[in-house]
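Containing mmCIF, C-alpha atoms: data_8.cif.
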data_target
#
loop_
_atom_site.label_atom_id
_atom_site.label_comp_id
_atom_site.auth_asym_id
_atom_site.auth_seq_id
_atom_site.Cartn_x
_atom_site.Cartn_y
_atom_site.Cartn_z
CA MET A 199 -32.35 27.34 -55.86
CA GLY A 200 -30.38 30.60 -55.57
CA LYS A 201 -29.65 33.20 -58.20
CA ASN A 202 -27.11 32.28 -60.85
CA LEU A 203 -24.86 35.32 -60.48
CA LYS A 204 -21.97 33.56 -62.24
CA MET A 205 -24.00 33.31 -65.42
CA LYS A 206 -25.08 36.92 -65.15
CA ALA A 207 -21.48 38.03 -64.63
CA ALA A 208 -20.23 35.91 -67.56
CA ARG A 209 -22.91 37.36 -69.81
CA ALA A 210 -22.08 40.91 -68.77
CA ALA A 211 -18.36 40.25 -69.27
CA LYS A 212 -19.11 39.07 -72.79
CA GLY A 213 -21.12 42.27 -73.37
CA MET A 214 -24.32 40.36 -74.16
CA THR A 215 -27.84 41.29 -73.15
CA GLN A 216 -30.32 38.64 -72.03
CA GLN A 217 -31.97 38.93 -75.43
CA ASP A 218 -28.63 38.36 -77.22
CA LEU A 219 -27.90 35.27 -75.17
CA ALA A 220 -31.45 33.98 -75.63
CA ALA A 221 -31.15 34.36 -79.41
CA ALA A 222 -27.73 32.69 -79.38
CA VAL A 223 -28.93 29.58 -77.55
CA GLY A 224 -32.41 29.44 -79.10
CA VAL A 225 -34.66 30.15 -76.14
CA THR A 226 -36.82 33.09 -75.07
CA ARG A 227 -35.49 35.98 -72.98
CA GLN A 228 -37.85 34.95 -70.18
CA THR A 229 -36.07 31.59 -69.96
CA ILE A 230 -32.69 33.30 -69.54
CA VAL A 231 -34.26 35.57 -66.89
CA ALA A 232 -35.66 32.50 -65.09
CA ILE A 233 -32.26 30.74 -65.13
CA GLU A 234 -30.42 33.80 -63.83
CA ARG A 235 -33.00 34.29 -61.10
CA GLY A 236 -32.78 30.63 -60.15
CA ASP A 237 -36.44 30.04 -60.95
CA TYR A 238 -35.78 27.45 -63.65
CA ASN A 239 -33.41 24.48 -63.73
CA PRO A 240 -32.21 24.14 -67.36
CA THR A 241 -31.44 20.84 -69.07
CA VAL A 242 -27.80 19.85 -69.56
CA ARG A 243 -28.20 20.52 -73.26
CA LEU A 244 -29.22 24.12 -72.64
CA CYS A 245 -26.46 24.53 -70.04
CA VAL A 246 -23.90 23.39 -72.62
CA ASP A 247 -25.32 25.78 -75.23
CA ILE A 248 -25.11 28.67 -72.75
CA CYS A 249 -21.52 27.75 -71.86
CA LEU A 250 -20.58 27.63 -75.54
CA ALA A 251 -22.25 30.97 -76.21
CA LEU A 252 -20.50 32.60 -73.24
CA GLY A 253 -17.15 30.89 -73.91
CA THR A 254 -16.95 29.20 -70.53
CA THR A 255 -17.37 25.75 -68.98
CA LEU A 256 -20.17 23.97 -67.14
CA ASP A 257 -18.08 23.99 -63.96
CA GLY A 258 -17.53 27.71 -64.26
CA LEU A 259 -21.20 28.56 -64.65
CA PHE A 260 -23.28 25.88 -63.03
CA TRP A 261 -21.16 24.08 -60.44
CA PRO A 262 -22.05 25.23 -56.91
CA ASP A 263 -19.46 26.92 -54.69
CA ARG A 264 -19.11 24.68 -51.67
CA LYS A 265 -17.49 26.06 -48.53
CA ASP A 266 -16.89 22.77 -46.75
CA MET B 75 -20.62 28.46 -84.68
CA LYS B 76 -24.36 28.98 -84.98
CA PHE B 77 -26.30 28.10 -81.85
CA CYS B 78 -29.77 29.29 -82.77
CA ARG B 79 -32.16 26.40 -83.46
CA ARG B 80 -35.41 27.96 -82.38
CA LYS B 81 -37.95 29.01 -84.95
CA ASN B 82 -40.29 31.85 -84.14
CA CYS B 83 -43.26 29.59 -83.43
CA GLU B 84 -41.42 26.88 -81.48
CA LEU B 85 -41.53 26.70 -77.72
CA ASP B 86 -38.30 26.36 -75.77
CA GLU B 87 -37.82 23.74 -73.04
CA ARG B 88 -39.12 25.94 -70.19
CA GLN B 89 -42.19 26.91 -72.21
CA LEU B 90 -42.91 23.27 -73.10
CA MET B 91 -42.80 22.34 -69.42
CA MET B 92 -45.04 25.26 -68.49
CA ARG B 93 -47.48 24.40 -71.29
CA GLY B 94 -47.82 20.91 -69.83
CA ASN B 95 -48.63 22.44 -66.45
CA VAL B 96 -51.25 24.72 -68.01
CA PHE B 97 -52.89 21.75 -69.79
CA GLN B 98 -52.95 19.87 -66.50
CA HIS B 99 -54.54 22.79 -64.61
CA THR B 100 -57.12 23.30 -67.36
CA MET B 101 -58.05 19.63 -67.47
CA ILE B 102 -58.53 19.51 -63.70
CA LEU B 103 -60.60 22.71 -63.84
CA TYR B 104 -62.84 21.28 -66.60
CA MET B 105 -63.32 18.05 -64.65
CA VAL B 106 -64.33 19.96 -61.50
CA LEU B 107 -66.66 22.32 -63.41
CA ILE B 108 -68.34 19.51 -65.37
CA LEU B 109 -68.85 17.45 -62.20
CA LEU B 110 -70.19 20.50 -60.37
CA ASN B 111 -72.52 21.30 -63.26
CA GLY B 112 -73.75 17.70 -63.34
CA TRP B 113 -74.39 17.79 -59.59
CA LEU B 114 -76.31 21.08 -59.92
CA HIS B 115 -78.46 19.54 -62.70
CA GLU B 116 -79.09 16.55 -60.48
CA GLU B 117 -80.30 18.94 -57.77
CA GLY B 118 -82.57 20.65 -60.31
CA VAL B 119 -80.53 23.86 -60.56
CA HIS B 120 -80.17 25.30 -64.06
CA TRP B 121 -77.93 28.34 -63.67
CA ALA B 122 -77.93 29.36 -67.37
CA GLY B 123 -80.40 28.90 -70.18
CA GLY B 124 -79.89 26.85 -73.35
CA LEU B 125 -76.33 26.08 -74.35
CA HIS B 126 -74.91 28.84 -72.19
CA GLU B 127 -73.91 26.58 -69.32
CA GLY B 128 -71.57 24.61 -71.56
CA MET B 129 -70.40 27.73 -73.35
CA ILE B 130 -69.48 29.51 -70.11
CA ILE B 131 -67.69 26.43 -68.76
CA PHE B 132 -65.72 26.16 -72.02
CA TRP B 133 -64.78 29.85 -72.08
CA LEU B 134 -63.88 29.90 -68.39
CA GLY B 135 -61.35 27.08 -68.88
CA ALA B 136 -60.03 28.50 -72.15
CA CYS B 137 -59.66 32.03 -70.78
CA LEU B 138 -57.92 30.90 -67.60
CA ALA B 139 -55.54 28.80 -69.72
CA LEU B 140 -54.82 31.79 -71.97
CA CYS B 141 -54.23 34.03 -68.94
CA GLU B 142 -51.80 31.48 -67.55
CA TYR B 143 -50.06 31.32 -70.94
CA ILE B 144 -49.66 35.10 -70.89
CA LEU B 145 -48.46 35.30 -67.30
CA ARG B 146 -45.92 32.49 -67.76
CA GLY B 147 -44.62 33.87 -71.06
CA ILE B 148 -45.70 30.94 -73.25
CA THR B 149 -46.01 31.96 -76.89
CA PRO B 150 -47.18 28.99 -78.98
CA ALA B 151 -47.95 31.17 -81.99
CA GLY B 152 -44.71 33.17 -81.83
CA SER B 153 -45.15 36.83 -82.69
CA SER B 154 -48.73 36.12 -83.88
CA ASN B 155 -49.69 35.70 -80.22
CA ASP B 156 -50.04 39.47 -79.87
CA ILE B 157 -52.56 39.52 -82.75
CA ILE B 158 -54.54 36.65 -81.18
CA TYR B 159 -54.85 38.47 -77.85
CA ILE B 160 -55.73 41.79 -79.52
CA MET B 161 -58.38 40.06 -81.67
CA ASP B 162 -59.72 38.40 -78.52
CA GLY B 163 -60.01 41.82 -76.90
CA ILE B 164 -61.75 43.29 -79.95
CA CYS B 165 -64.24 40.37 -80.11
CA GLY B 166 -64.88 40.61 -76.35
CA GLY B 167 -65.39 44.38 -76.60
CA ALA B 168 -67.75 44.02 -79.58
CA LEU B 169 -69.76 41.33 -77.77
CA LEU B 170 -69.95 43.54 -74.68
CA ILE B 171 -71.16 46.57 -76.67
CA LEU B 172 -73.77 44.49 -78.56
CA ASN B 173 -74.93 43.10 -75.26
CA MET B 174 -75.22 46.59 -73.78
CA PHE B 175 -77.72 47.47 -76.52
CA HIS B 176 -79.82 44.41 -75.62
CA LEU B 177 -79.66 45.31 -71.95
CA ALA B 178 -80.60 48.92 -72.74
CA ASP B 179 -83.70 47.57 -74.54
CA GLY B 180 -84.75 46.07 -71.22
CA SER B 181 -83.69 42.45 -71.70
CA PRO B 182 -83.01 40.90 -68.27
CA LEU B 183 -79.64 39.39 -67.32
CA VAL B 184 -81.19 36.86 -64.97
CA SER B 185 -84.56 35.20 -65.20
CA GLY B 186 -85.84 32.80 -62.55
CA ALA B 187 -82.39 32.29 -60.92
CA SER B 188 -80.92 31.41 -64.30
CA LEU B 189 -78.77 33.48 -66.66
CA THR B 190 -80.59 34.55 -69.82
CA SER B 191 -78.99 34.54 -73.27
CA GLU B 192 -77.87 38.15 -72.69
CA GLY B 193 -76.42 37.22 -69.30
CA GLY B 194 -74.51 34.32 -70.85
CA HIS B 195 -73.11 36.56 -73.59
CA LEU B 196 -72.10 39.16 -71.01
CA VAL B 197 -70.15 36.57 -69.00
CA VAL B 198 -68.39 35.33 -72.16
CA ALA B 199 -67.56 38.93 -73.18
CA LEU B 200 -66.09 39.64 -69.75
CA LEU B 201 -64.04 36.43 -69.88
CA MET B 202 -62.66 37.39 -73.30
CA LEU B 203 -61.85 40.88 -72.07
CA SER B 204 -60.09 39.45 -69.01
CA VAL B 205 -57.61 37.73 -71.36
CA PHE B 206 -56.98 41.01 -73.16
CA CYS B 207 -56.55 42.89 -69.86
CA THR B 208 -54.06 40.26 -68.65
CA TYR B 209 -52.15 40.69 -71.92
CA LEU B 210 -52.04 44.47 -71.50
CA VAL B 211 -50.93 44.30 -67.85
CA LYS B 212 -48.25 41.71 -68.66
CA ARG B 213 -46.98 43.81 -71.55
CA LEU B 214 -46.73 46.94 -69.41
CA ALA B 215 -45.10 45.02 -66.55
CA GLY B 216 -42.76 43.31 -69.04
CA ARG B 217 -41.31 46.63 -70.18
CA LYS B 218 -40.41 47.54 -66.62
CA GLU B 219 -39.06 44.04 -65.97
CA THR B 220 -36.79 44.13 -69.02
CA ALA B 221 -35.02 47.24 -67.78
CA GLU B 222 -34.59 45.82 -64.26
CA ASP B 223 -33.36 42.38 -65.35
CA GLU B 224 -30.60 43.74 -67.53
CA ASP B 225 -29.04 45.53 -64.51
#

Just give me the structure of the file as structure tokens.
Amino acid sequence: MGKNLKMKAARAAKGMTQQDLAAAVGVTRQTIVAIERGDYNPTVRLCVDICLALGTTLDGLFWPDRKD
Amino acid sequence: MKFCRRKNCELDERQLMMRGNVFQHTMILYMVLILLNGWLHEEGVHWAGGLHEGMIIFWLGACLALCEYILRGITPAGSSNDIIYIMDGICGGALLILNMFHLADGSPLVSGASLTSEGGHLVVALLMLSVFCTYLVKRLAGRKETAEDED
């Protein structure tokens, strides 16, 4: 699983730190770090919470970019 | 809209998954250690006197589980976790110092290929201190990590 750069970019665009996002969605900062690094696969529920907190959609943050 | 549902002492989904893994590792470790200890008894080997065999096996599993908790960022007691690890370090340090006095009096660590009471206490003290050291290292590394991750 690769790094989730889209989530990192969306968070930065919103002006939120990892701690801010973690507090907003009710997880620890380490969990946000793990998701952005691609070390942890979050549940759909957490994905939706992150999308709501960042004002974006599941497609925008978690759908892979396919080049085929 | 308010998103925050997590209380200070609750684990999030990643932590819950990790905690399950830690329990699994600890259970397997205990099974292996107990079987190994039973086999050694069967062979007539008593590596520690009195209750110290059981005590060391217990502390070994508990300390490794706590170290894994620290390294994986699992905080079941919320912010009180720091206090638990510091208290663990203080208790381990006190036990080590008390033991040093016994050793200075000339009490042996090992007697007849078996750990004495002092030897058993020393091992437990070192195990407790290992948890505290892991906590300190993780905390220092965490500060550096925080700055890098936000980039």

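Every protein, DNA or RNA residue with an atom at most 8 Å from region 246-253 of chain A, where all atoms listed in the file count and chain neighbours fewer than 2 positions away do not, is listed here: A:Ala208, A:Arg209, A:Lys212, A:Leu219, A:Ala222, A:Val223, A:Val242, A:Arg243, A:Leu244, A:Thr255, A:Leu256, A:Leu259, B:Phe77.
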
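Nearest to Arg227 (chain A) of all the residues B:Thr100, B:Thr149, B:Asn111, B:Ser204 is B:Thr149, based on only C-alpha atoms.
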
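You will find CA of Leu90 (chain B) at 17.9 Å from CA of Ala136 (chain B).
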
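Counting all atoms listed in the file and comparing B:Gly147, B:Gly152, B:Gly166, B:Gly94, the residue that lies closest to chain A is B:Gly147.
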
**Prompt:** Where does the PyMOL selection byres ((chain A) within 8 of (chain B)) land in this file, that is, which residues does it pick, as a PyMOL selection string?
**Reply:** chain A and resi 215-216+221-226+228-229+231+238+240+247+251

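This file gives the following result for the PyMOL selection byres ((chain B and resi 120-131) around 7): B:Leu107, B:His115, B:Gly118, B:Val119, B:Phe132, B:Trp133, B:Leu134, B:Gly135, B:Ala187, B:Ser188, B:Leu189, B:Thr190, B:Ser191, B:Gly194, B:Val198.
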
Taking C-alpha atoms for each residue, export the selection above as a compact mmCIF listing (two decimals), in the coordinates of the input.
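Result file is again16.txt:
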# COMPACT_ATOMS: atom_id res chain seq x y z
CA LEU B 107 -66.66 22.32 -63.41
CA HIS B 115 -78.46 19.54 -62.70
CA GLY B 118 -82.57 20.65 -60.31
CA VAL B 119 -80.53 23.86 -60.56
CA PHE B 132 -65.72 26.16 -72.02
CA TRP B 133 -64.78 29.85 -72.08
CA LEU B 134 -63.88 29.90 -68.39
CA GLY B 135 -61.35 27.08 -68.88
CA ALA B 187 -82.39 32.29 -60.92
CA SER B 188 -80.92 31.41 -64.30
CA LEU B 189 -78.77 33.48 -66.66
CA THR B 190 -80.59 34.55 -69.82
CA SER B 191 -78.99 34.54 -73.27
CA GLY B 194 -74.51 34.32 -70.85
CA VAL B 198 -68.39 35.33 -72.16

**Request:** Might you spell out which residues the PyMOL selection byres ((chain B and resi 96-99) around 10) would select in the displayed file, as a PyMOL selection string?
**Result:** chain B and resi 90-95+100-105+135+138-143+146+148

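One finds CA of Asp162 (chain B) at 6.1 Å from CA of Met202 (chain B).
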
**Asked** In Å to one decimal, how far is CA of His195 (chain B) from CA of Leu170 (chain B)?
**Response** 7.7 Å

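If you measure from each of B:Gly112, B:Ile144, B:Val184, B:Val106 to Cys207 (chain B) using all atoms listed in the file, the closest one turns out to be B:Ile144.
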
**Prompt:** A:Thr254, A:Thr241, A:Met205, A:Ile230: which is nearest Asp218 (chain A), counting only C-alpha atoms?
**Reply:** A:Ile230

Listed atoms of region 141-144 of chain B boxed along x, y and z, 3 Å each side, centre and edge lengths in Å, one decimal, as AutoDock Vina command-line options:
--center_x -51.9 --center_y 33.2 --center_z -69.2 --size_x 10.6 --size_y 9.8 --size_z 9.4

Reconstruct N, CA and C atoms of region 104-130 of chain B; output as a PDB file, in the frame of the given file.
ATOM      1  N   TYR B 104     -61.687  21.761 -65.827  1.00  0.00           N
ATOM      2  CA  TYR B 104     -62.840  21.280 -66.600  1.00  0.00           C
ATOM      3  C   TYR B 104     -63.533  20.117 -65.885  1.00  0.00           C
ATOM      4  N   MET B 105     -62.730  19.210 -65.346  1.00  0.00           N
ATOM      5  CA  MET B 105     -63.320  18.050 -64.650  1.00  0.00           C
ATOM      6  C   MET B 105     -64.165  18.522 -63.471  1.00  0.00           C
ATOM      7  N   VAL B 106     -63.611  19.456 -62.687  1.00  0.00           N
ATOM      8  CA  VAL B 106     -64.330  19.960 -61.500  1.00  0.00           C
ATOM      9  C   VAL B 106     -65.609  20.684 -61.942  1.00  0.00           C
ATOM     10  N   LEU B 107     -65.492  21.543 -62.969  1.00  0.00           N
ATOM     11  CA  LEU B 107     -66.660  22.320 -63.410  1.00  0.00           C
ATOM     12  C   LEU B 107     -67.749  21.422 -63.986  1.00  0.00           C
ATOM     13  N   ILE B 108     -67.346  20.410 -64.763  1.00  0.00           N
ATOM     14  CA  ILE B 108     -68.340  19.510 -65.370  1.00  0.00           C
ATOM     15  C   ILE B 108     -69.035  18.683 -64.285  1.00  0.00           C
ATOM     16  N   LEU B 109     -68.258  18.215 -63.313  1.00  0.00           N
ATOM     17  CA  LEU B 109     -68.850  17.450 -62.200  1.00  0.00           C
ATOM     18  C   LEU B 109     -69.808  18.323 -61.395  1.00  0.00           C
ATOM     19  N   LEU B 110     -69.362  19.569 -61.136  1.00  0.00           N
ATOM     20  CA  LEU B 110     -70.190  20.500 -60.370  1.00  0.00           C
ATOM     21  C   LEU B 110     -71.481  20.817 -61.129  1.00  0.00           C
ATOM     22  N   ASN B 111     -71.341  21.009 -62.432  1.00  0.00           N
ATOM     23  CA  ASN B 111     -72.520  21.300 -63.260  1.00  0.00           C
ATOM     24  C   ASN B 111     -73.488  20.111 -63.268  1.00  0.00           C
ATOM     25  N   GLY B 112     -72.920  18.910 -63.367  1.00  0.00           N
ATOM     26  CA  GLY B 112     -73.750  17.700 -63.340  1.00  0.00           C
ATOM     27  C   GLY B 112     -74.488  17.575 -62.008  1.00  0.00           C
ATOM     28  N   TRP B 113     -73.775  17.871 -60.916  1.00  0.00           N
ATOM     29  CA  TRP B 113     -74.390  17.790 -59.590  1.00  0.00           C
ATOM     30  C   TRP B 113     -75.509  18.830 -59.448  1.00  0.00           C
ATOM     31  N   LEU B 114     -75.272  20.031 -59.979  1.00  0.00           N
ATOM     32  CA  LEU B 114     -76.310  21.080 -59.920  1.00  0.00           C
ATOM     33  C   LEU B 114     -77.548  20.656 -60.718  1.00  0.00           C
ATOM     34  N   HIS B 115     -77.330  20.032 -61.887  1.00  0.00           N
ATOM     35  CA  HIS B 115     -78.460  19.540 -62.700  1.00  0.00           C
ATOM     36  C   HIS B 115     -79.253  18.486 -61.932  1.00  0.00           C
ATOM     37  N   GLU B 116     -78.484  17.608 -61.269  1.00  0.00           N
ATOM     38  CA  GLU B 116     -79.090  16.550 -60.480  1.00  0.00           C
ATOM     39  C   GLU B 116     -79.989  17.127 -59.387  1.00  0.00           C
ATOM     40  N   GLU B 117     -79.545  18.276 -58.840  1.00  0.00           N
ATOM     41  CA  GLU B 117     -80.300  18.940 -57.770  1.00  0.00           C
ATOM     42  C   GLU B 117     -81.428  19.826 -58.341  1.00  0.00           C
ATOM     43  N   GLY B 118     -81.521  19.866 -59.670  1.00  0.00           N
ATOM     44  CA  GLY B 118     -82.570  20.650 -60.310  1.00  0.00           C
ATOM     45  C   GLY B 118     -82.238  22.120 -60.496  1.00  0.00           C
ATOM     46  N   VAL B 119     -80.943  22.452 -60.378  1.00  0.00           N
ATOM     47  CA  VAL B 119     -80.530  23.860 -60.560  1.00  0.00           C
ATOM     48  C   VAL B 119     -80.018  24.041 -61.980  1.00  0.00           C
ATOM     49  N   HIS B 120     -80.627  24.952 -62.711  1.00  0.00           N
ATOM     50  CA  HIS B 120     -80.170  25.300 -64.060  1.00  0.00           C
ATOM     51  C   HIS B 120     -79.747  26.763 -64.019  1.00  0.00           C
ATOM     52  N   TRP B 121     -78.432  26.985 -63.916  1.00  0.00           N
ATOM     53  CA  TRP B 121     -77.930  28.340 -63.670  1.00  0.00           C
ATOM     54  C   TRP B 121     -77.818  29.195 -64.932  1.00  0.00           C
ATOM     55  N   ALA B 122     -77.936  28.581 -66.125  1.00  0.00           N
ATOM     56  CA  ALA B 122     -77.930  29.360 -67.370  1.00  0.00           C
ATOM     57  C   ALA B 122     -78.817  28.652 -68.385  1.00  0.00           C
ATOM     58  N   GLY B 123     -79.468  29.461 -69.216  1.00  0.00           N
ATOM     59  CA  GLY B 123     -80.400  28.900 -70.180  1.00  0.00           C
ATOM     60  C   GLY B 123     -79.718  28.348 -71.421  1.00  0.00           C
ATOM     61  N   GLY B 124     -80.361  27.393 -72.072  1.00  0.00           N
ATOM     62  CA  GLY B 124     -79.890  26.850 -73.350  1.00  0.00           C
ATOM     63  C   GLY B 124     -78.491  26.259 -73.276  1.00  0.00           C
ATOM     64  N   LEU B 125     -77.691  26.619 -74.290  1.00  0.00           N
ATOM     65  CA  LEU B 125     -76.330  26.080 -74.350  1.00  0.00           C
ATOM     66  C   LEU B 125     -75.329  26.908 -73.538  1.00  0.00           C
ATOM     67  N   HIS B 126     -75.830  27.911 -72.848  1.00  0.00           N
ATOM     68  CA  HIS B 126     -74.910  28.840 -72.190  1.00  0.00           C
ATOM     69  C   HIS B 126     -74.117  28.240 -71.046  1.00  0.00           C
ATOM     70  N   GLU B 127     -74.673  27.229 -70.395  1.00  0.00           N
ATOM     71  CA  GLU B 127     -73.910  26.580 -69.320  1.00  0.00           C
ATOM     72  C   GLU B 127     -72.607  26.010 -69.876  1.00  0.00           C
ATOM     73  N   GLY B 128     -72.751  25.212 -70.941  1.00  0.00           N
ATOM     74  CA  GLY B 128     -71.570  24.610 -71.560  1.00  0.00           C
ATOM     75  C   GLY B 128     -70.626  25.644 -72.125  1.00  0.00           C
ATOM     76  N   MET B 129     -71.211  26.688 -72.734  1.00  0.00           N
ATOM     77  CA  MET B 129     -70.400  27.730 -73.350  1.00  0.00           C
ATOM     78  C   MET B 129     -69.572  28.478 -72.300  1.00  0.00           C
ATOM     79  N   ILE B 130     -70.195  28.782 -71.169  1.00  0.00           N
ATOM     80  CA  ILE B 130     -69.480  29.510 -70.110  1.00  0.00           C
ATOM     81  C   ILE B 130     -68.394  28.627 -69.495  1.00  0.00           C
TER      82      ILE B 130
END
